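K.L.:
File follows, input-v2.cif with mmCIF, C-alpha atoms:
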data_query
#
loop_
_atom_site.label_atom_id
_atom_site.label_comp_id
_atom_site.auth_asym_id
_atom_site.auth_seq_id
_atom_site.Cartn_x
_atom_site.Cartn_y
_atom_site.Cartn_z
CA MET A 12 0.00 0.00 0.00
CA ILE A 13 2.82 2.43 0.86
CA PHE A 14 4.60 1.52 -2.40
CA LEU A 15 1.45 2.27 -4.41
CA MET A 16 1.01 5.59 -2.60
CA ASN A 17 4.63 6.50 -3.39
CA ILE A 18 4.16 5.88 -7.12
CA ILE A 19 0.81 7.66 -7.44
CA LEU A 20 1.83 10.74 -5.44
CA SER A 21 5.20 10.98 -7.22
CA LEU A 22 3.56 10.88 -10.66
CA MET A 23 1.03 13.49 -9.56
CA ALA A 24 3.76 15.72 -8.11
CA LEU A 25 5.93 15.55 -11.24
CA SER A 26 2.99 16.34 -13.51
CA VAL A 27 2.00 19.37 -11.42
CA LEU A 28 5.51 20.65 -10.75
CA VAL A 29 7.01 20.28 -14.22
CA TRP A 30 6.75 23.99 -15.07
CA PRO A 31 8.04 25.30 -11.72
CA CYS A 32 10.94 22.85 -12.04
CA LEU A 33 11.73 24.15 -15.53
CA ILE A 34 11.83 27.69 -14.15
CA VAL A 35 14.22 26.63 -11.37
CA ALA A 36 16.35 24.80 -13.93
CA ALA A 37 16.58 27.95 -16.07
CA ILE A 38 17.59 30.11 -13.09
CA LEU A 39 20.29 27.65 -12.08
CA ARG A 40 21.56 27.39 -15.63
CA PHE A 41 22.29 31.11 -15.74
CA THR A 42 23.48 31.64 -12.17
CA GLY A 43 26.21 30.24 -9.95
CA GLU A 44 28.27 27.61 -11.79
CA GLY A 45 25.55 26.92 -14.35
CA GLU A 46 24.88 23.44 -12.94
CA ILE A 47 21.20 22.41 -12.79
CA PHE A 48 21.32 19.07 -11.04
CA PHE A 49 23.47 17.68 -8.26
CA LEU A 50 24.00 13.92 -8.45
CA GLN A 51 25.72 12.21 -5.57
CA GLU A 52 26.12 8.66 -4.35
CA ARG A 53 24.05 7.96 -1.25
CA ILE A 54 23.36 4.84 0.81
CA GLY A 55 19.98 3.24 0.12
CA LYS A 56 17.93 0.26 1.24
CA ASP A 57 19.99 -2.77 2.27
CA GLN A 58 22.93 -0.32 2.40
CA LYS A 59 23.22 -0.33 -1.40
CA PRO A 60 24.51 2.89 -3.03
CA PHE A 61 22.46 4.88 -5.54
CA LYS A 62 22.64 8.30 -7.19
CA ILE A 63 20.42 10.91 -5.59
CA ILE A 64 19.06 13.70 -7.83
CA LYS A 65 18.70 17.22 -6.44
CA PHE A 66 18.69 20.74 -7.79
CA ALA A 67 22.17 22.20 -7.35
CA THR A 68 22.38 24.45 -4.29
CA MET A 69 26.11 24.33 -3.53
CA LEU A 70 29.40 24.60 -5.36
CA LYS A 71 30.06 21.50 -7.42
CA ASP A 72 33.23 20.62 -5.51
CA SER A 73 31.67 21.30 -2.08
CA PRO A 74 32.05 17.69 -0.78
CA ASN A 75 35.81 18.10 -1.13
CA MET A 76 35.92 21.52 0.54
CA ALA A 77 35.95 22.51 4.23
CA GLY A 78 32.83 21.13 5.92
CA GLY A 79 32.74 18.01 3.76
CA ASP A 80 29.30 16.37 3.68
CA VAL A 81 27.89 18.36 6.61
CA THR A 82 26.34 21.77 5.89
CA THR A 83 26.00 24.53 8.47
CA GLY A 84 24.06 27.80 8.46
CA GLY A 85 25.71 30.49 6.36
CA ASP A 86 27.90 27.90 4.63
CA PRO A 87 30.00 29.79 2.04
CA ARG A 88 29.67 26.87 -0.38
CA ILE A 89 25.95 27.55 -0.89
CA LEU A 90 25.05 29.18 -4.22
CA PRO A 91 23.17 32.55 -4.40
CA ILE A 92 19.76 30.90 -4.90
CA GLY A 93 20.76 27.84 -2.86
CA ASN A 94 19.53 29.10 0.51
CA PHE A 95 16.03 29.69 -0.87
CA LEU A 96 15.89 26.30 -2.56
CA ARG A 97 17.10 24.53 0.59
CA LYS A 98 14.80 26.44 2.95
CA THR A 99 11.72 25.73 0.82
CA LYS A 100 12.90 22.17 0.02
CA ILE A 101 12.47 22.91 -3.70
CA ASN A 102 15.94 21.42 -4.20
CA GLU A 103 14.51 18.02 -3.20
CA LEU A 104 11.81 17.92 -5.92
CA PRO A 105 13.85 15.92 -8.49
CA GLN A 106 13.95 13.08 -5.97
CA PHE A 107 10.44 12.13 -7.06
CA ILE A 108 12.36 10.51 -9.93
CA ASN A 109 14.35 8.51 -7.37
CA VAL A 110 11.03 7.34 -5.91
CA LEU A 111 9.79 6.18 -9.31
CA THR A 112 13.03 4.26 -9.94
CA GLY A 113 12.60 2.50 -6.58
CA ASP A 114 15.69 3.94 -4.91
CA MET A 115 13.73 6.09 -2.48
CA SER A 116 10.38 6.41 -0.76
CA LEU A 117 8.38 9.55 -0.07
CA VAL A 118 8.95 9.05 3.66
CA GLY A 119 11.94 7.50 5.35
CA PRO A 120 15.38 8.33 6.74
CA ARG A 121 17.24 10.89 4.65
CA PRO A 122 19.79 9.14 2.38
CA LEU A 123 23.33 9.83 3.57
CA THR A 124 26.73 9.88 1.94
CA SER A 125 28.96 6.98 2.94
CA ARG A 126 31.12 9.28 5.09
CA VAL A 127 28.15 10.52 7.13
CA PHE A 128 26.50 7.09 7.12
CA ASN A 129 29.59 5.65 8.81
CA LEU A 130 29.16 8.06 11.72
CA PHE A 131 26.01 6.13 12.66
CA GLY A 132 25.92 2.87 14.57
CA ASN A 133 24.41 -0.47 13.65
CA ASP A 134 20.98 0.39 15.10
CA TYR A 135 20.53 3.16 12.55
CA LYS A 136 22.02 1.13 9.71
CA ASP A 137 19.65 -1.73 10.46
CA VAL A 138 16.70 0.57 9.75
CA LEU A 139 17.81 0.69 6.11
CA ASN A 140 17.67 -3.09 5.96
CA HIS A 141 13.90 -2.74 6.25
CA ILE A 142 12.93 0.51 4.51
CA SER A 143 14.14 2.80 1.76
CA PRO A 144 15.44 6.30 2.46
CA GLY A 145 12.92 9.10 1.92
CA ILE A 146 12.48 12.57 0.48
CA THR A 147 11.29 13.54 3.93
CA GLY A 148 11.01 11.83 7.29
CA ILE A 149 10.40 12.34 10.96
CA ALA A 150 14.05 13.27 11.62
CA SER A 151 13.91 15.77 8.74
CA ILE A 152 11.00 17.49 10.47
CA VAL A 153 12.50 17.47 13.95
CA PHE A 154 15.80 18.75 12.53
CA ARG A 155 14.13 21.23 10.21
CA ASP A 156 16.87 23.78 10.97
CA GLU A 157 19.80 21.41 11.37
CA GLU A 158 22.17 23.80 9.60
CA GLU A 159 21.40 26.57 12.10
CA ILE A 160 21.71 24.13 15.01
CA LEU A 161 25.22 23.24 13.88
CA LYS A 162 26.10 26.88 13.29
CA ASN A 163 24.89 28.01 16.73
CA SER A 164 26.17 25.06 18.75
CA PRO A 165 28.76 25.91 21.43
CA LYS A 166 30.55 22.76 20.29
CA ASP A 167 32.55 22.21 17.13
CA PHE A 168 29.94 21.49 14.46
CA MET A 169 31.21 17.95 13.84
CA ASP A 170 31.22 17.19 17.58
CA CYS A 171 27.63 18.46 17.78
CA TYR A 172 26.65 16.28 14.84
CA LYS A 173 28.30 13.12 16.17
CA GLU A 174 27.51 13.53 19.87
CA ASP A 175 24.03 15.06 19.78
CA ILE A 176 22.40 14.76 16.36
CA VAL A 177 23.44 11.22 15.42
CA PRO A 178 22.06 9.55 18.60
CA TYR A 179 18.77 11.45 18.42
CA LYS A 180 18.28 10.80 14.71
CA THR A 181 18.89 7.13 15.37
CA THR A 182 16.18 7.10 18.03
CA LEU A 183 13.75 8.93 15.74
CA GLU A 184 14.29 6.60 12.78
CA ILE A 185 13.86 3.50 14.96
CA TRP A 186 10.59 5.05 16.18
CA TYR A 187 9.50 5.55 12.56
CA LEU A 188 10.35 1.96 11.62
CA ASN A 189 8.28 0.67 14.54
CA ASN A 190 5.34 2.95 13.73
CA ARG A 191 5.43 2.93 9.94
CA SER A 192 2.06 2.89 8.20
CA VAL A 193 0.19 4.69 5.43
CA MET A 194 -1.40 6.99 8.01
CA THR A 195 1.95 7.75 9.65
CA ASP A 196 3.40 8.63 6.24
CA ILE A 197 0.45 10.89 5.40
CA LYS A 198 0.90 12.71 8.70
CA ILE A 199 4.64 13.14 8.07
CA LEU A 200 3.98 14.52 4.58
CA PHE A 201 1.55 17.02 6.09
CA LEU A 202 4.02 17.94 8.83
CA THR A 203 6.74 18.49 6.22
CA ALA A 204 4.62 21.12 4.46
CA TRP A 205 3.67 22.60 7.84
CA ALA A 206 7.33 22.85 8.92
CA ILE A 207 8.27 24.69 5.73
CA ILE A 208 5.65 27.36 6.48
CA PHE A 209 5.98 27.37 10.27
CA SER A 210 9.63 26.57 10.87
CA GLY A 211 9.47 26.98 14.65
CA SER A 212 6.47 24.72 15.13
CA GLU A 213 6.57 21.60 17.28
CA LEU A 214 3.24 20.27 16.00
CA HIS A 215 4.91 16.90 15.37
CA PHE A 216 5.03 16.25 19.12
CA LYS A 217 1.27 16.83 19.34
CA ILE A 218 0.41 14.69 16.34
CA PHE A 219 2.78 11.95 17.55
CA PRO A 220 2.57 12.13 21.38
CA ASP A 221 4.91 9.13 21.77
CA LEU A 222 7.63 10.66 19.59
CA PRO A 223 10.94 10.51 21.51
CA LYS A 224 12.39 13.79 22.74
CA SER A 225 15.98 14.75 23.50
CA ASP A 226 17.29 16.88 26.35
CA ALA A 227 20.11 18.04 24.07
CA PHE A 228 17.57 19.82 21.87
CA SER A 229 15.07 21.11 24.40
CA LYS A 230 14.24 24.81 24.34
CA ASN A 231 16.04 25.21 27.67
CA THR A 232 19.44 24.43 26.17
CA LYS A 233 21.82 26.65 24.26
CA VAL A 234 21.25 24.59 21.14
CA THR A 235 17.64 25.11 20.17
CA ARG A 236 15.75 22.81 17.89
CA ALA A 237 13.43 24.61 15.54
CA ALA A 238 11.19 22.15 13.76
#
Please go through the file and, once you have read it, give me the structure as structure tokens.

P.N.:
Amino acid sequence: MIFLMNIILSLMALSVLVWPCLIVAAILRFTGEGEIFFLQERIGKDQKPFKIIKFATMLKDSPNMAGGDVTTGGDPRILPIGNFLRKTKINELPQFINVLTGDMSLVGPRPLTSRVFNLFGNDYKDVLNHISPGITGIASIVFRDEEEILKNSPKDFMDCYKEDIVPYKTTLEIWYLNNRSVMTDIKILFLTAWAIIFSGSELHFKIFPDLPKSDAFSKNTKVTRAA
């Protein structure tokens, strides 16, 4: 049932968004480095690599520059229009093609590069033995402003990612695996749109009362989660 929903909604999305995507493609072609798409190897279901398709938002060589595969707020590698595309998640729209090819789902853990994937333990990796990575997911909503979290952390951004974000994302994705259903996915898709409009909202904790929380990202700490 979830597979069928993925295919139908992806086809509908691509048919509706074809013209906006063409406009974005034209803007990218004549700005920045002139690159329209960003293709990168990510880890998929059963830990098999695949090529993710996104609109280009960063310098082409950004994975080999300072910061590597982790992006922080105000990252100098982001292209002029990149911040807007990332904030609105427009850069993720080409991934509907990844859904149609079977490499991704609409909802699931975000697909990671091998370098970032290896920062996670076996509990997180085991999730991908059961489900495909997604365009959006519960961790994507909770960490709606991950880049700003890393930027504002009193820790080194990589220490913050490894010590605080990785454990919490693992807990969230295990929760999703244990609660996965068509209705859960529909709620997460709604919450994704909600989070884009209301970036500081914590509606996800009301819709999913049993969703795990983390003291490291409570509003009483110096690192504030804005979801």

K.L.:
Selection in question (the file shown): the PyMOL selection byres ((chain A and resi 15) around 12). Which residues does it include, as a PyMOL selection string?

P.N.:
chain A and resi 12-14+16-22+110-111+113+116-117+193

K.L.:
Could you give me, as a list in words, the residues within 10 Å of segment 68-71 of chain A, counting all atoms listed in the file and dropping anything in the same chain fewer than 6 positions from it?

P.N.:
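Final neighbour list, sorted by chain and number: Leu39, Gly43, Glu44, Gly45, Glu46, Ile47, Phe48, Phe49, Leu50, Thr82, Asp86, Pro87, Arg88, Ile89, Leu90, Pro91, Ile92, Gly93, Asn94, Phe95, Leu96, Arg97 and Asn102 of chain A.
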
K.L.:
Would you compute the distance between atom CA of Asp57 of chain A and atom CA of Thr112 of chain A? Give it in Å to one decimal.

P.N.:
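Computing the Euclidean distance for atom CA of Asp57 of chain A and atom CA of Thr112 of chain A yields 15.7 Å.
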
K.L.:
Expanded to explicit residues, what is the PyMOL selection byres ((chain A and resi 214) around 12) for this file, as a ChimeraX atom specification?

P.N.:
/A:149,152-153,198-199,201-206,209-213,215-220,222,237-238

K.L.:
Using all atoms listed in the file, which of the listed residues (A:Leu188, A:Pro165, A:Thr124, A:Phe154) sits closest to Phe228 of chain A?

P.N.:
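Closest to Phe228 of chain A of all the choices is A:Phe154.
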
K.L.:
If we count only C-alpha atoms, what is near Ala150 of chain A at a cut-off of 8 Å, once residues fewer than 5 positions away on the same chain are taken out, given as a list in words?

P.N.:
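So the residues in contact are Pro120, Lys180, Leu183 and Glu184 of chain A.
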
K.L.:
I'd like the residues picked by the PyMOL selection byres ((chain A and resi 55) around 7) written out as JSON, numbers by chain, using the chain letters and numbers from the file.

P.N.:
{"A": [53, 54, 56, 57, 58, 59, 60, 61, 114, 122, 139, 143, 144]}

K.L.:
Go through A:Cys171, A:Val118, A:Ile208, A:Val177 one by one, measure the shortest atom-to-atom distance of each to Thr99 of chain A using all atoms listed in the file, and give the residue with the smallest value.

P.N.:
A:Ile208

K.L.:
Name the closest residue to Glu103 of chain A among the candidates A:Phe168, A:Gly119, A:Gly132, A:Cys32; distances are taken between atoms, counting only C-alpha atoms.

P.N.:
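Nearest to Glu103 of chain A: A:Cys32.
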
K.L.:
Rank nothing, just name the residue among A:Asp221, A:Glu52, A:Asp134, A:Asp72 nearest to Ile185 of chain A, using all atoms listed in the file.

P.N.:
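Under the stated criterion, the closest residue is A:Asp134.
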
K.L.:
Identify which of the residues A:Pro178, A:Asn133, A:Pro105, A:Val27 lies closest to Asp226 of chain A, counting all atoms listed in the file when measuring atom-to-atom distances.

P.N.:
A:Pro178

K.L.:
Quick one: distance from atom CA of Ser73 of chain A to atom CA of Met169 of chain A in Å, one decimal?

P.N.:
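Computing the Euclidean distance for atom CA of Ser73 of chain A and atom CA of Met169 of chain A yields 16.3 Å.
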
K.L.:
By how many Å are atom CA of Gly79 of chain A and atom CA of Ala67 of chain A apart?

P.N.:
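Atom CA of Ala67 of chain A lies at a distance of 15.9 Å from atom CA of Gly79 of chain A.
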
K.L.:
Choose the residue, out of A:Ile176, A:Ile108, A:Ile142, A:Leu161, that has the smallest atom-to-atom separation from Val127 of chain A; count all atoms listed in the file.

P.N.:
A:Ile176

K.L.:
Could you write segment 31-45 of chain A of the block just shown to a file containing C-alpha atoms, as a compact mmCIF listing (two decimals), in the first residue's frame?

P.N.:
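Output file out.txt is given in full below:
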# COMPACT_ATOMS: atom_id res chain seq x y z
CA PRO A 31 8.04 25.30 -11.72
CA CYS A 32 10.94 22.85 -12.04
CA LEU A 33 11.73 24.15 -15.53
CA ILE A 34 11.83 27.69 -14.15
CA VAL A 35 14.22 26.63 -11.37
CA ALA A 36 16.35 24.80 -13.93
CA ALA A 37 16.58 27.95 -16.07
CA ILE A 38 17.59 30.11 -13.09
CA LEU A 39 20.29 27.65 -12.08
CA ARG A 40 21.56 27.39 -15.63
CA PHE A 41 22.29 31.11 -15.74
CA THR A 42 23.48 31.64 -12.17
CA GLY A 43 26.21 30.24 -9.95
CA GLU A 44 28.27 27.61 -11.79
CA GLY A 45 25.55 26.92 -14.35
